[in-house]
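S.K.: I'd like to ask some things about the structure below.
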Amino acid sequence: MAEFNLDHDRSSRLGFPEVIYGGAKPVGLLVDILTEYQSKGQNALITKLQADKGETLLKQFPSAFFDVISGCFLLQLNIDKPEAKKVAILSAGSSDQYVVNEAYYTFNLLKEPATRFTDIGVAGIHRLMARLDEIKEYKVIIVVAGFEGALPSVVGGLLNRPIIAVPTSTGYGVAAGGHTALHGMLSSCANGITVTNIDNGYGAAMAAYRILQLLKFA
């Protein structure tokens, strides 16, 4: 059996639990990790999990939840609170859904409501403008985009909220792999945008969560 050492103190230290990166871990190790969380009555989230591993884990933990689009596996899916408008997750295209869902299910683990606004990229700017008044009601905005990564700059020029931009690896040619989107977001002329690593929906959610925690005491 592979050894592991879970950081159970992270919640008391930082205010949020450890999350498991599943992409490079064998199923047997993931079973052992999830069993330890379950024995302590705790929820757990695995990210970047391959579909075959997720299906195998569901057989071991039949009450769990697995989203094959994002590769997110939750021991327990929490009930949403759609009426609480805290975080909006915007995506330029439906091809970016895997990153949107990773952020969304991270918030689910943290019991923080989030709302997804899908396919409102700059190629059809009217789609964003039609939802702008609704998006303004949220405290923090995550913007996910591939190809040239233009959407965060547009949103950053329209809204005075904290904006966390996530470049995705969606694209082809010079846009393949997400580096064009990353460079575009890093060089955005919209002041104050925060940029995560490529495909890092989890990191964006955690950055937004830290902001929300501070707003509770403001």
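Following the order of the structure tokens, chains are lettered A, B, ..., residues in each are numbered from 1, and ligands are numbered from 1.
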Excluding region 62-78 of chain A and residues on its chain fewer than 2 positions from it, collect all residues at most 7 Å away from it, counting only C-alpha atoms, and give them as a list in words.

M.R.: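 Residues near the query, excluding close chain neighbours: Asn43, Ala44, Leu45, Ile46, Thr47, Lys48, Leu49, Gln50, Ala51, Gly54, Leu58, Lys59, Gln60, Asp80, Tyr98, Val99, Asn101, Glu102, Tyr105, Asn108, Leu109 and Lys111 of chain A.
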
S.K.: Could you give me, as a list in words, the residues within 7 Å of region 203-207 of chain A, counting only C-alpha atoms and dropping anything in the same chain fewer than 6 positions from it?

M.R.: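 Non-adjacent residues within range: Ala103, Thr106, Phe107, Ile142, Ile164, Val166 and Thr196 of chain A.
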
S.K.: Pick the closest to Gly22 (chain A) from A:Ala130, A:Val144, A:Leu34, A:Ile193: which is it, counting only C-alpha atoms?

M.R.: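 The closest residue to Gly22 (chain A) is A:Leu34.
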
S.K.: Please provide the set of residues having any atom within 10 Å of region 3-10 of chain A, restricted to only C-alpha atoms, with same-chain residues fewer than 6 positions apart removed, written as a VMD selection string.

M.R.: chain A and resid 16 to 20 29 to 30 32 to 33 36 to 37 42

S.K.: Only C-alpha atoms, please: the residues just picked out, written as a CSV table (one decimal), in the first residue's frame.

M.R.:
```csv
chain,number,residue,atom,x,y,z
A,16,PHE,CA,-10.6,25.2,3.8
A,17,PRO,CA,-9.7,21.5,3.5
A,18,GLU,CA,-7.1,19.7,1.4
A,19,VAL,CA,-8.1,18.7,-2.1
A,20,ILE,CA,-6.8,15.6,-3.8
A,29,LEU,CA,-4.3,4.8,-3.3
A,30,LEU,CA,-7.4,7.0,-3.9
A,32,ASP,CA,-7.4,4.4,0.8
A,33,ILE,CA,-7.5,8.2,0.9
A,36,GLU,CA,-9.8,7.7,5.6
A,37,TYR,CA,-11.9,10.8,4.9
A,42,GLN,CA,-15.6,14.3,6.2
```

S.K.: Output as a count of residues only all residues of region 36-176 of chain A that backbone DSSP marks as strand (DSSP E or B).

M.R.: 29

S.K.: Rounded to one decimal place, report the CA of Val87 (chain A)-CA of Val143 (chain A) distance in Å.

M.R.: 10.6 Å

S.K.: Which residues are near Ala84 (chain A)? Cut-off 12 Å, only C-alpha atoms, ignore same chain within fewer than 3 positions. Put them as number ranges by chain.

M.R.: A: 80-81, 87-88, 111-115, 137-139

S.K.: When DSSP is applied to the backbone of this structure, which of chain A are assigned alpha helix (DSSP H)? Write them out as number ranges by chain.

M.R.: A: 10-14, 27-39, 51-60, 97-110, 125-135, 151-158, 179-186, 201-216

S.K.: Measuring between only C-alpha atoms, which one of A:Ala145, A:Leu14, A:Leu159, A:Leu212 shows the shortest distance to Leu182 (chain A)?

M.R.: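 Smallest distance to Leu182 (chain A) is found for A:Ala145.
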
S.K.: Please determine, counting only C-alpha atoms, which residue among A:Ala24, A:Val31, A:Ala123, A:Ala165 has the shortest atom-to-atom distance to Phe61 (chain A).

M.R.: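 Among the listed residues, the smallest separation from Phe61 (chain A) belongs to A:Val31.
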
S.K.: Can you tell me, as an mmCIF file with N, CA and C atoms, in the first residue's frame, what residues are no more than 12 Å from Val155 (chain A) when counting only C-alpha atoms, ignoring any on the same chain fewer than 4 positions away?

M.R.:
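Written file, part.cif:
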```cif
data_model
loop_
_atom_site.group_PDB
_atom_site.id
_atom_site.type_symbol
_atom_site.label_atom_id
_atom_site.label_comp_id
_atom_site.auth_asym_id
_atom_site.auth_seq_id
_atom_site.Cartn_x
_atom_site.Cartn_y
_atom_site.Cartn_z
ATOM 1 N N ALA A 88 -19.972 34.235 -9.665
ATOM 2 C CA ALA A 88 -20.400 33.943 -11.032
ATOM 3 C C ALA A 88 -19.210 33.344 -11.783
ATOM 4 N N ILE A 89 -19.446 32.228 -12.449
ATOM 5 C CA ILE A 89 -18.402 31.598 -13.269
ATOM 6 C C ILE A 89 -18.812 31.758 -14.717
ATOM 7 N N LEU A 90 -18.076 32.589 -15.448
ATOM 8 C CA LEU A 90 -18.387 32.877 -16.849
ATOM 9 C C LEU A 90 -17.475 32.056 -17.753
ATOM 10 N N SER A 91 -18.019 31.520 -18.835
ATOM 11 C CA SER A 91 -17.177 30.825 -19.801
ATOM 12 C C SER A 91 -17.402 31.400 -21.187
ATOM 13 N N ALA A 92 -16.301 31.522 -21.929
ATOM 14 C CA ALA A 92 -16.384 32.063 -23.282
ATOM 15 C C ALA A 92 -17.126 31.105 -24.203
ATOM 16 N N ILE A 120 -20.713 32.738 -23.362
ATOM 17 C CA ILE A 120 -20.986 34.169 -23.531
ATOM 18 C C ILE A 120 -19.711 34.896 -23.956
ATOM 19 N N GLY A 121 -18.961 34.285 -24.868
ATOM 20 C CA GLY A 121 -17.678 34.832 -25.293
ATOM 21 C C GLY A 121 -17.794 36.014 -26.229
ATOM 22 N N VAL A 122 -16.635 36.589 -26.555
ATOM 23 C CA VAL A 122 -16.600 37.845 -27.306
ATOM 24 C C VAL A 122 -16.955 37.670 -28.781
ATOM 25 N N ILE A 125 -20.661 39.127 -28.654
ATOM 26 C CA ILE A 125 -20.609 39.977 -27.455
ATOM 27 C C ILE A 125 -21.997 40.288 -26.907
ATOM 28 N N LEU A 128 -22.968 38.291 -23.783
ATOM 29 C CA LEU A 128 -22.491 38.821 -22.505
ATOM 30 C C LEU A 128 -23.315 40.020 -22.074
ATOM 31 N N MET A 129 -23.568 40.943 -22.989
ATOM 32 C CA MET A 129 -24.277 42.163 -22.633
ATOM 33 C C MET A 129 -25.689 41.861 -22.151
ATOM 34 N N ARG A 131 -26.565 39.456 -20.335
ATOM 35 C CA ARG A 131 -26.543 38.917 -18.964
ATOM 36 C C ARG A 131 -25.836 39.839 -17.977
ATOM 37 N N LEU A 132 -25.384 41.001 -18.442
ATOM 38 C CA LEU A 132 -24.504 41.838 -17.631
ATOM 39 C C LEU A 132 -25.166 42.314 -16.346
ATOM 40 N N ILE A 135 -25.106 39.499 -13.895
ATOM 41 C CA ILE A 135 -23.756 39.191 -13.421
ATOM 42 C C ILE A 135 -23.294 40.228 -12.393
ATOM 43 N N LYS A 136 -23.740 41.473 -12.532
ATOM 44 C CA LYS A 136 -23.354 42.544 -11.606
ATOM 45 C C LYS A 136 -23.780 42.263 -10.169
ATOM 46 N N VAL A 140 -17.903 38.105 -6.621
ATOM 47 C CA VAL A 140 -16.639 37.729 -7.255
ATOM 48 C C VAL A 140 -16.957 37.057 -8.578
ATOM 49 N N ILE A 141 -16.125 37.304 -9.584
ATOM 50 C CA ILE A 141 -16.381 36.754 -10.910
ATOM 51 C C ILE A 141 -15.161 35.972 -11.391
ATOM 52 N N ILE A 142 -15.398 34.741 -11.790
ATOM 53 C CA ILE A 142 -14.371 33.923 -12.437
ATOM 54 C C ILE A 142 -14.690 33.895 -13.926
ATOM 55 N N VAL A 143 -13.695 34.162 -14.758
ATOM 56 C CA VAL A 143 -13.898 34.203 -16.207
ATOM 57 C C VAL A 143 -12.976 33.180 -16.872
ATOM 58 N N VAL A 144 -13.568 32.237 -17.576
ATOM 59 C CA VAL A 144 -12.839 31.124 -18.180
ATOM 60 C C VAL A 144 -12.872 31.270 -19.699
ATOM 61 N N ALA A 145 -11.699 31.187 -20.343
ATOM 62 C CA ALA A 145 -11.657 31.348 -21.801
ATOM 63 C C ALA A 145 -10.425 30.677 -22.386
ATOM 64 N N GLY A 149 -8.283 34.207 -25.368
ATOM 65 C CA GLY A 149 -8.487 34.577 -23.965
ATOM 66 C C GLY A 149 -8.949 35.994 -23.758
ATOM 67 N N ALA A 150 -9.823 36.508 -24.622
ATOM 68 C CA ALA A 150 -10.203 37.925 -24.583
ATOM 69 C C ALA A 150 -11.280 38.256 -23.551
ATOM 70 N N LEU A 151 -12.096 37.288 -23.187
ATOM 71 C CA LEU A 151 -13.271 37.596 -22.358
ATOM 72 C C LEU A 151 -12.930 38.275 -21.030
ATOM 73 N N LEU A 159 -16.960 45.682 -15.303
ATOM 74 C CA LEU A 159 -17.425 45.423 -13.939
ATOM 75 C C LEU A 159 -16.346 45.743 -12.910
ATOM 76 N N ASN A 160 -16.772 46.257 -11.759
ATOM 77 C CA ASN A 160 -15.841 46.654 -10.701
ATOM 78 C C ASN A 160 -15.726 45.587 -9.617
ATOM 79 N N ARG A 161 -15.841 44.336 -9.983
ATOM 80 C CA ARG A 161 -15.729 43.228 -9.038
ATOM 81 C C ARG A 161 -14.341 42.602 -9.121
ATOM 82 N N PRO A 162 -13.922 41.864 -8.076
ATOM 83 C CA PRO A 162 -12.704 41.053 -8.224
ATOM 84 C C PRO A 162 -12.913 40.036 -9.343
ATOM 85 N N ILE A 163 -11.958 39.983 -10.278
ATOM 86 C CA ILE A 163 -12.077 39.103 -11.442
ATOM 87 C C ILE A 163 -10.878 38.163 -11.476
ATOM 88 N N ILE A 164 -11.171 36.883 -11.549
ATOM 89 C CA ILE A 164 -10.138 35.851 -11.621
ATOM 90 C C ILE A 164 -10.249 35.184 -12.981
ATOM 91 N N ALA A 165 -9.226 35.320 -13.794
ATOM 92 C CA ALA A 165 -9.237 34.804 -15.154
ATOM 93 C C ALA A 165 -8.557 33.446 -15.217
ATOM 94 N N MET A 185 -4.180 37.026 -21.169
ATOM 95 C CA MET A 185 -4.737 37.444 -19.872
ATOM 96 C C MET A 185 -3.689 38.131 -19.011
ATOM 97 N N SER A 188 -3.315 41.693 -20.125
ATOM 98 C CA SER A 188 -4.570 42.429 -20.261
ATOM 99 C C SER A 188 -4.406 43.881 -19.822
ATOM 100 N N CYS A 189 -5.089 44.791 -20.533
ATOM 101 C CA CYS A 189 -5.074 46.204 -20.138
ATOM 102 C C CYS A 189 -6.220 46.531 -19.180
ATOM 103 N N ALA A 190 -7.019 45.545 -18.809
ATOM 104 C CA ALA A 190 -8.047 45.740 -17.774
ATOM 105 C C ALA A 190 -7.374 45.585 -16.417
ATOM 106 N N ASN A 191 -7.322 46.654 -15.662
ATOM 107 C CA ASN A 191 -6.512 46.696 -14.443
ATOM 108 C C ASN A 191 -7.011 45.742 -13.370
ATOM 109 N N GLY A 192 -6.073 45.084 -12.707
ATOM 110 C CA GLY A 192 -6.382 44.334 -11.496
ATOM 111 C C GLY A 192 -6.919 42.936 -11.679
ATOM 112 N N ILE A 193 -6.871 42.388 -12.893
ATOM 113 C CA ILE A 193 -7.324 41.013 -13.104
ATOM 114 C C ILE A 193 -6.290 40.045 -12.543
#
```

S.K.: Can you list, as a PyMOL selection string, every protein, DNA or RNA residue that comes within 8 Å of Phe147 (chain A) when you count only C-alpha atoms, leaving out same-chain residues fewer than 4 positions away?

M.R.: chain A and resi 168-172+175-176+178+180-181

S.K.: Just C-alpha atoms for this one: save the residues we selected as an mmCIF file, in the first residue's frame.

M.R.:
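Written out: part_7.cif:
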```cif
data_model
loop_
_atom_site.group_PDB
_atom_site.id
_atom_site.type_symbol
_atom_site.label_atom_id
_atom_site.label_comp_id
_atom_site.auth_asym_id
_atom_site.auth_seq_id
_atom_site.Cartn_x
_atom_site.Cartn_y
_atom_site.Cartn_z
ATOM 1 C CA THR A 168 -8.002 26.985 -20.885
ATOM 2 C CA SER A 169 -6.141 24.706 -23.254
ATOM 3 C CA THR A 170 -9.099 24.907 -25.671
ATOM 4 C CA GLY A 171 -7.916 25.879 -29.134
ATOM 5 C CA TYR A 172 -5.775 24.789 -32.062
ATOM 6 C CA ALA A 175 -3.887 28.678 -29.455
ATOM 7 C CA ALA A 176 -3.275 24.989 -28.698
ATOM 8 C CA GLY A 178 -3.678 27.476 -23.634
ATOM 9 C CA THR A 180 -1.916 32.152 -26.076
ATOM 10 C CA ALA A 181 -4.869 32.629 -23.711
#
```
